[in-house]
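A short worksheet on the structure shown next.
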Amino acid sequence: MTALLPAGLAIRVFLAFASAYFMSYALRSVNAVIAPDLVAEFDLSNAQLGALSSAYFLAFAAMQMPLGVWLDRFGSRRVDAALLLVAAVGCAVFATARDASVLWIGRALIGIGVSGALMASLRAFRFWYAPARQQQLAAWMLVAGTLGALATTVPVQLALPLIGWRGVFGLSAVLLCACSVAIRLQLPAEPMRAGHDEGPAWSAYRQVYGDRYFWRFGVIAFAVQSSFVAFQGLWIGPWLRSVLGMDASSTARVLFLFNLVLTMGYLALGWSLPKLLRRGWTTPRLVAAGVSAMLCLELSIAFADGPYAWLLWLGLALAATANSLAQTHVSLSFPAGLTGRAFTAYNLLSMSGMFLMQWLFGVVVDMMSAGGEHSAEGFRRAMLAWVAMQAMALAVLVFWRVQPRGKVPA
């Protein structure tokens with residue numbers, strides 16, 4: 001790893017931020033495993049379950065614009081450390097909730113608290129690591145995140161009989177506090193290049209959102225990547241149970257394999273990316289290829305049945321890794337003083353989409369279930385609707401050939 005920091009410190013910086021993103025991703029994904037417990041205890045419908053889980057994304061999205069300003073003004077270390085303590089409070093609220101409304105508040109506080117886990121790290125990396133390593137570092141951060149998702153599958157399923165879902169969230173609160181302390185006290189402050197030269201803090205977002213190249217990838221973030229995360233974080237679990245008829249243990253094992261494949265995919269992407277770029281592959285081409293593969297697999301998932309139908313979800317996890325290249329690629333096309341706001345503007349699209357997709361998928365499933373609470377046909381019809389929507393986003397990426405204003409790595 002080529003770094004502007006000494007090697008030992010560069011590794012420590014990466015690991016500290018990676019631990020926070022591990023927790024962020026774990027808390028994003030854990031409802032896929034504990035959903036049956038929540039449904040049983042609080043008598044939730046599919047739409048209510050989707051709304052509860054998506055509270056994380058709604059709060060996360062609402063934080064993105066102020067987060068970008070705070071990151072550019074105060075730095076990644078201070079902002080991320082403070083927000084992680086809010087996430088710890090959210091876990092404590094969730095763990096002690098006695099009705100669905102308090103669960104929603106706890107979930108929203110978690111979303112607020114982890115809203116800077118990835119953005120803070122990517123912004124800091126721009127100042128601490130060589131430009132050629134930025135997309136590779138982003139891929140490795142996603143490895144850390146998917147390891148968090150991996151920890152919420154079989155390990156959480158095994159822990160539930162011992163400590164229950166409330167104990168899982170209590171333990172998460174403790175771990176988040178540890179991450180906050182590590183980032184605040186163990187890391188140096190990154191160079192401060194706040195974007196005061198780019199205009200007033202909030203109006204600078206107009207420059208980001210007014211950029212056409214930003215929107216070429218933004219539609220993919222909103223429609224495709226957000227849908228994948230909505231599936232990963234919640235709906236794959238109900239799909240396996242309701243459509244394929246799996247029990248809780250089998251579902252947890254498939255979720256473990258799903259996230260393991262996703263982790264391996266990010267590792268492979270981080271390793272192979274420099275080689276692919278040298279061979280003439282560009283980020284738009286890689287993202288388009290990944291999304292095309294995703295749509296083919298989702299179409300197959302919508303119709304597949306039988307004992308091996310779950311294998312298609314593993315292919316979807318592998319294909320989705322290419323989407324991770326887009327955010328860093330687009331953000332590096334903006335001046336350094338806009339780094340925090342460029343990352344968070346893109347993330348606002350992603351998280352807004354995740355909130356809508358996770359909630360609306362449950363609504364569509366209920367609408368298309370013909371009166372059945374967990375109708376397999378409702379899930380299949382909802383997936384077909386999602387394939388059509390994502391195909392339109394892919395068409396924008398492929399056929400709208402607008403180029404970035406500034407020089408940006410391929």
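Ligands are numbered from 1 in the order shown, chains are lettered A, B, ... in the order of the structure tokens, and residues start at 1 in each chain.
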
Nearby residues (only C-alpha atoms) at most 7 Å from Ile110 in chain A, same-chain spacing under 5 positions excluded, as a PDB file with C-alpha atoms, in the first residue's frame:
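File result25.pdb, as written:
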```pdb
ATOM      1  CA  TYR A  56     -31.779   3.502   9.205  1.00  0.00           C
ATOM      2  CA  VAL A  86     -24.891   8.530  18.679  1.00  0.00           C
ATOM      3  CA  ALA A  87     -25.067   5.091  17.041  1.00  0.00           C
ATOM      4  CA  GLY A  90     -29.388   4.135  19.126  1.00  0.00           C
ATOM      5  CA  CYS A  91     -28.393   0.518  19.774  1.00  0.00           C
TER       6      CYS A  91
END
```

With the cut-off set at 8 Å and counting only C-alpha atoms, tabulate each residue of range 57-160 of chain A with an atom at most that distance from an atom of range 345-353 of chain A, showing the nearest atom pair and its distance in Å to one decimal, ordered by chain and increasing number, as a Markdown table.
```
| residue | atom | partner | partner_atom | distance |
| --- | --- | --- | --- | --- |
| A:Phe57 | CA | A:Met351 | CA | 5.4 |
| A:Leu58 | CA | A:Ser352 | CA | 6.3 |
| A:Phe60 | CA | A:Met351 | CA | 6.5 |
| A:Ala61 | CA | A:Met351 | CA | 4.9 |
| A:Ala62 | CA | A:Leu348 | CA | 7.5 |
| A:Gln64 | CA | A:Leu348 | CA | 5.5 |
| A:Met65 | CA | A:Ala345 | CA | 6.6 |
| A:Gly68 | CA | A:Ala345 | CA | 7.6 |
```

Please provide the set of residues having any atom within 9 Å of range 280-285 of chain A, restricted to only C-alpha atoms, with same-chain residues fewer than 4 positions apart removed, written as a ChimeraX atom specification. /A:217,275-276,289-290,322,325-326,329,397-398,409-410

What lies within 12 Å of Ser292 in chain A using only C-alpha atoms, ignoring chain neighbours under 5 positions off, as a list in words? Ile220, Val224, Arg285, Leu286, Val287, Leu297, Glu298, Leu299, Leu316, Ala319, Ala320, Ala322, Asn323, Val387, Gln390, Ala391, Met392, Ala393, Leu394, Ala395, Leu397 and Val398 of chain A

Restrict the selected residues to N, CA and C atoms and save them as a JSON list (two decimals), in the first residue's frame.
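Final file, selection_20.json:
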```json
[["chain", "number", "residue", "atom", "x", "y", "z"],
["A", 220, "ILE", "N", -27.58, 5.19, -11.19],
["A", 220, "ILE", "CA", -27.22, 3.83, -10.79],
["A", 220, "ILE", "C", -27.21, 3.71, -9.27],
["A", 224, "VAL", "N", -30.04, 1.12, -8.60],
["A", 224, "VAL", "CA", -29.45, -0.21, -8.65],
["A", 224, "VAL", "C", -28.74, -0.57, -7.35],
["A", 285, "ARG", "N", -17.31, 1.37, -17.93],
["A", 285, "ARG", "CA", -17.46, 0.06, -18.56],
["A", 285, "ARG", "C", -17.61, -1.06, -17.53],
["A", 286, "LEU", "N", -16.82, -1.00, -16.46],
["A", 286, "LEU", "CA", -16.90, -2.01, -15.41],
["A", 286, "LEU", "C", -18.24, -1.97, -14.70],
["A", 287, "VAL", "N", -18.72, -0.76, -14.39],
["A", 287, "VAL", "CA", -20.00, -0.63, -13.70],
["A", 287, "VAL", "C", -21.14, -1.12, -14.60],
["A", 297, "LEU", "N", -29.33, -11.80, -13.52],
["A", 297, "LEU", "CA", -29.49, -12.68, -12.36],
["A", 297, "LEU", "C", -30.80, -12.40, -11.62],
["A", 298, "GLU", "N", -31.17, -11.13, -11.47],
["A", 298, "GLU", "CA", -32.44, -10.81, -10.80],
["A", 298, "GLU", "C", -33.63, -11.34, -11.59],
["A", 299, "LEU", "N", -33.53, -11.28, -12.91],
["A", 299, "LEU", "CA", -34.60, -11.83, -13.74],
["A", 299, "LEU", "C", -34.71, -13.34, -13.54],
["A", 316, "LEU", "N", -25.51, -12.84, -7.76],
["A", 316, "LEU", "CA", -25.89, -11.43, -7.65],
["A", 316, "LEU", "C", -24.92, -10.67, -6.75],
["A", 319, "ALA", "N", -21.73, -9.98, -8.78],
["A", 319, "ALA", "CA", -21.90, -8.97, -9.83],
["A", 319, "ALA", "C", -22.02, -7.57, -9.25],
["A", 320, "ALA", "N", -22.62, -7.45, -8.07],
["A", 320, "ALA", "CA", -22.88, -6.13, -7.47],
["A", 320, "ALA", "C", -21.62, -5.41, -7.03],
["A", 322, "ALA", "N", -19.08, -4.43, -8.60],
["A", 322, "ALA", "CA", -18.61, -3.41, -9.54],
["A", 322, "ALA", "C", -19.19, -2.04, -9.24],
["A", 323, "ASN", "N", -20.37, -1.99, -8.61],
["A", 323, "ASN", "CA", -20.98, -0.70, -8.29],
["A", 323, "ASN", "C", -20.14, 0.13, -7.33],
["A", 387, "VAL", "N", -36.52, -5.11, -11.71],
["A", 387, "VAL", "CA", -35.65, -5.32, -12.87],
["A", 387, "VAL", "C", -35.94, -4.26, -13.93],
["A", 390, "GLN", "N", -34.46, -0.85, -12.85],
["A", 390, "GLN", "CA", -33.01, -0.80, -12.91],
["A", 390, "GLN", "C", -32.50, -0.80, -14.35],
["A", 391, "ALA", "N", -33.24, -1.45, -15.24],
["A", 391, "ALA", "CA", -32.85, -1.44, -16.65],
["A", 391, "ALA", "C", -32.86, -0.03, -17.23],
["A", 392, "MET", "N", -33.80, 0.81, -16.79],
["A", 392, "MET", "CA", -33.84, 2.19, -17.25],
["A", 392, "MET", "C", -32.61, 2.96, -16.75],
["A", 393, "ALA", "N", -32.19, 2.70, -15.51],
["A", 393, "ALA", "CA", -30.99, 3.35, -14.98],
["A", 393, "ALA", "C", -29.75, 2.92, -15.76],
["A", 394, "LEU", "N", -29.66, 1.65, -16.11],
["A", 394, "LEU", "CA", -28.53, 1.17, -16.90],
["A", 394, "LEU", "C", -28.48, 1.85, -18.25],
["A", 395, "ALA", "N", -29.64, 2.08, -18.86],
["A", 395, "ALA", "CA", -29.68, 2.76, -20.16],
["A", 395, "ALA", "C", -29.10, 4.18, -20.06],
["A", 397, "LEU", "N", -26.73, 5.21, -17.94],
["A", 397, "LEU", "CA", -25.28, 5.08, -17.82],
["A", 397, "LEU", "C", -24.62, 4.77, -19.17],
["A", 398, "VAL", "N", -25.24, 3.88, -19.94],
["A", 398, "VAL", "CA", -24.61, 3.42, -21.18],
["A", 398, "VAL", "C", -24.74, 4.43, -22.31]]
```

Closest of A:Ile34, A:Met264, A:Ala293, A:Leu9 to Val156 in chain A - atom-to-atom distances counting only C-alpha atoms: A:Ile34

Looking only at alpha helix (DSSP H) from DSSP on the backbone, list the matching residues of range 64-193 of chain A as an NGL selection string. :A and (64-74 or 76-95 or 100-113 or 117-128 or 134-151 or 154-186)

How close does each residue of range 44-158 of chain A get to range 226-249 of chain A, giving the shortest atom pair and distance in Å to one decimal for every residue with an atom at most 12 Å away, counting only C-alpha atoms, sorted by chain and residue number, as CSV?
```
residue,atom,partner,partner_atom,distance
A:Ser45,CA,A:Pro238,CA,11.7
A:Asn46,CA,A:Pro238,CA,9.1
A:Ala47,CA,A:Trp235,CA,11.3
A:Leu49,CA,A:Leu234,CA,8.9
A:Gly50,CA,A:Leu234,CA,7.7
A:Ala51,CA,A:Leu234,CA,10.9
A:Leu52,CA,A:Leu234,CA,10.5
A:Ser53,CA,A:Leu234,CA,7.4
A:Ser54,CA,A:Ala230,CA,8.3
A:Ala55,CA,A:Ala230,CA,11.9
A:Tyr56,CA,A:Gly233,CA,10.6
A:Phe57,CA,A:Ala230,CA,9.5
A:Ala61,CA,A:Ser226,CA,11.7
A:Gly145,CA,A:Val229,CA,11.9
A:Thr146,CA,A:Gln232,CA,10.1
A:Gly148,CA,A:Gly233,CA,11.4
A:Ala149,CA,A:Gly233,CA,8.2
A:Leu150,CA,A:Gln232,CA,10.7
A:Thr152,CA,A:Gly233,CA,10.0
A:Thr153,CA,A:Ser249,CA,9.6
A:Val154,CA,A:Ser249,CA,8.0
A:Pro155,CA,A:Ser249,CA,11.1
A:Val156,CA,A:Ser249,CA,11.0
A:Gln157,CA,A:Ser249,CA,7.4
A:Leu158,CA,A:Ser249,CA,9.1
```
